[in-house]
Amino acid sequence: MYPVLSRRSEGISIGVNLNPDKICNFDCIYCQVDRTTQSETQFVETKQLLEELEDTLRLAASGELFDHPQFNSTPAELRRLNDIAFSGDGEPTTYRNFDEIIAACAEVKQRLGLDAVKMVLITNASMFHRPHVQRGLEILDQNNGEIWAKLEAGTEEYFKLVDRTPIPFQQILKNITAAAQVRPLVIQALFMRVSGEPPRQAELEAFCERLNEITMAGGKLKLVQVYTVARQPAESYVAPLSDAEVDAIVELVERRTGLAAKAYYGASV
Ligand code: SF4
C-alpha cells in the first residue's frame with residue numbers, strides 16, 4: 001500500500017500492488033520495476049492488504065496524511081484523495097483472484113462512504129478476455145472505476161520492440177475495443193526515445209489509426225494520456241521525450257482522432 005501524489009490523478013492516489021512477486025507478462029523497455037533483485041513478499045496477504053487499505057483511506061480522507069513530512073508540501077489544489085490505483089510491480093489482471101480482491105477493496109471504500117473516490121486499474125489490457133477479469137472490470141464499473149489501458153504503438157513491430165511480449169498486438173487491440181464498447185476507457189500511451197530516436201511519424205500516425213479503429217467499432221475513449229519516462233527505466237538506451245515532443249504527439253492525436261488528449265511531461269508521475 002503506498003499513497004503517492006500523482007499528477008495524472010491530480011491528487012492523492014493510493015496504490016495497491018497486486019504483483020509483489022514482480023511478475024509481468026510484458027517486459028517493457030521503459031519499465032521501472034527493478035527485477036534484478038527478488039522481492040521479499042511473493043504473495044498478496046489479503047487480510048493485511050484490506051486493513052492497510054482501510055487505514056490509508058482514513059488517513060488520506062481525513063487530511064491527516066498532509067501532516068506527514070512526505071506530504072506536507074503538497075499544493076492546496078492537490079490535497080484531495082482521488083483514487084485507489086491497482087498497479088504495482090506487474091500486471092494487476094494476472095492476479096489469480098482479481099475479481100475477488102477488487103470486490104473486497106470496493107467493499108472497504110463503500111463502508112467508509114468514499115463513493116467519490118475512484119478505483120483506477122492501470123493495465124496492459126492483455127487479460128481482458130478472461131472471464132474473471134471481466135467480472136473484476138464490472139465491479140469497477142459499479143464502484144466509480146476507471147480503466148487506464150496501455151496502448152503505445154501503431155504497429156506490431158513497434159509494439160514488440162517496446163512492450164516485449166509474446167502476446168499478439170491484435171489481441172491487445174481486440175481486448176481494448178471490447179472493453180471500450182462496455183464503458184469509456186482512458187488510454188495511457190508512453191512514448192520515448194529509443195537509442196536516441198523518438199518514435200517515427202509513421203508510427204504515431206499508425207497509433208492514431210488504431211485509436212480511430214477502436215472508436216469506429218463503437219469503443220468509447222474518454223482521454224488519451226500521452227506521457228514519457230520519468231525515472232530510470234529498465235534499459236539504458238531509453239530516454240524521455242522533451243516537453244515539446246510530448247506536446248506534438250498530443251496535438252497529432254487530437255487532430256487525427258478528435259479525442260481528448262493530455263500531456264504529462266518527463267518529471268510527472
Ligand atoms: S506492463 Fe507495466 S509492469 Fe509490466 S513490464 Fe510493462 S511497465 Fe513494467
# chains A, B, ... in the order shown; residues from 1 in each chain; ligands from 1
$ residues_around --residues "Gln170 of chain A" --least-positions-apart "2" --cutoff "12 Å" --atoms "only C-alpha atoms" --output "PyMOL selection string"
chain A and resi 125-126+151+153-157+159-160+166-168+172-177+210+213-214
$ closest_atom_pairs --of "chain A" --to "ligand 1" --cutoff "9 Å" --atoms "only C-alpha atoms and all ligand atoms" --output "Markdown table"
| residue | atom | partner | partner_atom_place_in_ligand_line | distance |
| --- | --- | --- | --- | --- |
| A:Asn19 | CA | ligand 1 | 3 (S) | 8.8 |
| A:Lys22 | CA | ligand 1 | 3 (S) | 7.6 |
| A:Ile23 | CA | ligand 1 | 4 (Fe) | 7.7 |
| A:Cys24 | CA | ligand 1 | 4 (Fe) | 4.7 |
| A:Asn25 | CA | ligand 1 | 4 (Fe) | 6.3 |
| A:Phe26 | CA | ligand 1 | 5 (S) | 4.5 |
| A:Asp27 | CA | ligand 1 | 5 (S) | 3.8 |
| A:Cys28 | CA | ligand 1 | 6 (Fe) | 4.1 |
| A:Ile29 | CA | ligand 1 | 5 (S) | 7.4 |
| A:Tyr30 | CA | ligand 1 | 7 (S) | 6.5 |
| A:Cys31 | CA | ligand 1 | 8 (Fe) | 4.1 |
| A:Gln32 | CA | ligand 1 | 8 (Fe) | 6.4 |
| A:Val33 | CA | ligand 1 | 8 (Fe) | 6.1 |
| A:Ser87 | CA | ligand 1 | 3 (S) | 7.8 |
| A:Gly88 | CA | ligand 1 | 3 (S) | 7.0 |
| A:Asp89 | CA | ligand 1 | 3 (S) | 5.3 |
| A:Gly90 | CA | ligand 1 | 3 (S) | 3.8 |
| A:Glu91 | CA | ligand 1 | 4 (Fe) | 5.4 |
| A:Pro92 | CA | ligand 1 | 3 (S) | 8.6 |
| A:Ile122 | CA | ligand 1 | 2 (Fe) | 8.4 |
| A:Thr123 | CA | ligand 1 | 1 (S) | 6.9 |
| A:Asn124 | CA | ligand 1 | 1 (S) | 5.4 |
| A:Lys150 | CA | ligand 1 | 1 (S) | 7.9 |
| A:Val162 | CA | ligand 1 | 6 (Fe) | 8.8 |
| A:Asp163 | CA | ligand 1 | 6 (Fe) | 6.2 |
| A:Arg164 | CA | ligand 1 | 5 (S) | 8.2 |
| A:Thr165 | CA | ligand 1 | 5 (S) | 8.9 |
| A:Ala234 | CA | ligand 1 | 8 (Fe) | 8.7 |
$ write_last_selection --atoms "C-alpha atoms" --output "short mmCIF file (atom, residue, chain, number, x, y, z; two decimals), in the first residue's frame"
data_model
loop_
_atom_site.label_atom_id
_atom_site.label_comp_id
_atom_site.auth_asym_id
_atom_site.auth_seq_id
_atom_site.Cartn_x
_atom_site.Cartn_y
_atom_site.Cartn_z
CA ASN A 19 2.12 -8.25 -8.01
CA LYS A 22 7.20 -8.64 -9.70
CA ILE A 23 5.89 -11.00 -12.38
CA CYS A 24 4.57 -9.36 -15.54
CA ASN A 25 3.51 -10.75 -18.91
CA PHE A 26 5.08 -7.72 -20.63
CA ASP A 27 8.73 -6.73 -20.38
CA CYS A 28 8.56 -3.07 -21.38
CA ILE A 29 11.90 -1.49 -22.19
CA TYR A 30 10.96 1.52 -20.04
CA CYS A 31 9.67 -0.47 -17.02
CA GLN A 32 10.77 0.99 -13.71
CA VAL A 33 10.33 -2.15 -11.65
CA SER A 87 -0.97 -1.37 -10.43
CA GLY A 88 2.27 -2.17 -8.69
CA ASP A 89 5.18 -4.29 -9.78
CA GLY A 90 3.48 -6.24 -12.57
CA GLU A 91 0.21 -6.58 -14.49
CA PRO A 92 -2.61 -6.50 -11.89
CA ILE A 122 -3.64 0.58 -14.55
CA THR A 123 -3.34 -2.27 -17.02
CA ASN A 124 -1.76 -3.54 -20.23
CA LYS A 150 -1.81 0.84 -22.11
CA VAL A 162 8.70 -1.51 -26.74
CA ASP A 163 6.48 -3.91 -24.79
CA ARG A 164 8.47 -7.13 -25.44
CA THR A 165 5.76 -9.74 -25.02
CA ALA A 234 14.95 -0.86 -17.29
#
$ closest_residue --among "A:Ile147, A:Arg58, A:Ala202, A:Glu45" --to "Leu114 of chain A" --atoms "only C-alpha atoms"
A:Arg58
$ closest_atom_pairs --of "segment 74-119 of chain A" --to "segment 135-138 of chain A" --cutoff "8 Å" --atoms "only C-alpha atoms" --output "Markdown table"
| residue | atom | partner | partner_atom | distance |
| --- | --- | --- | --- | --- |
| A:Phe98 | CA | A:Gly136 | CA | 6.3 |
| A:Asp99 | CA | A:Gly136 | CA | 4.0 |
| A:Glu100 | CA | A:Gly136 | CA | 7.4 |
| A:Ile102 | CA | A:Gly136 | CA | 6.1 |
| A:Ala103 | CA | A:Gly136 | CA | 7.4 |
$ atom_distance --atom1 "atom CA of Thr228 of chain A" --atom2 "atom CA of Ala189 of chain A"
8.2 Å
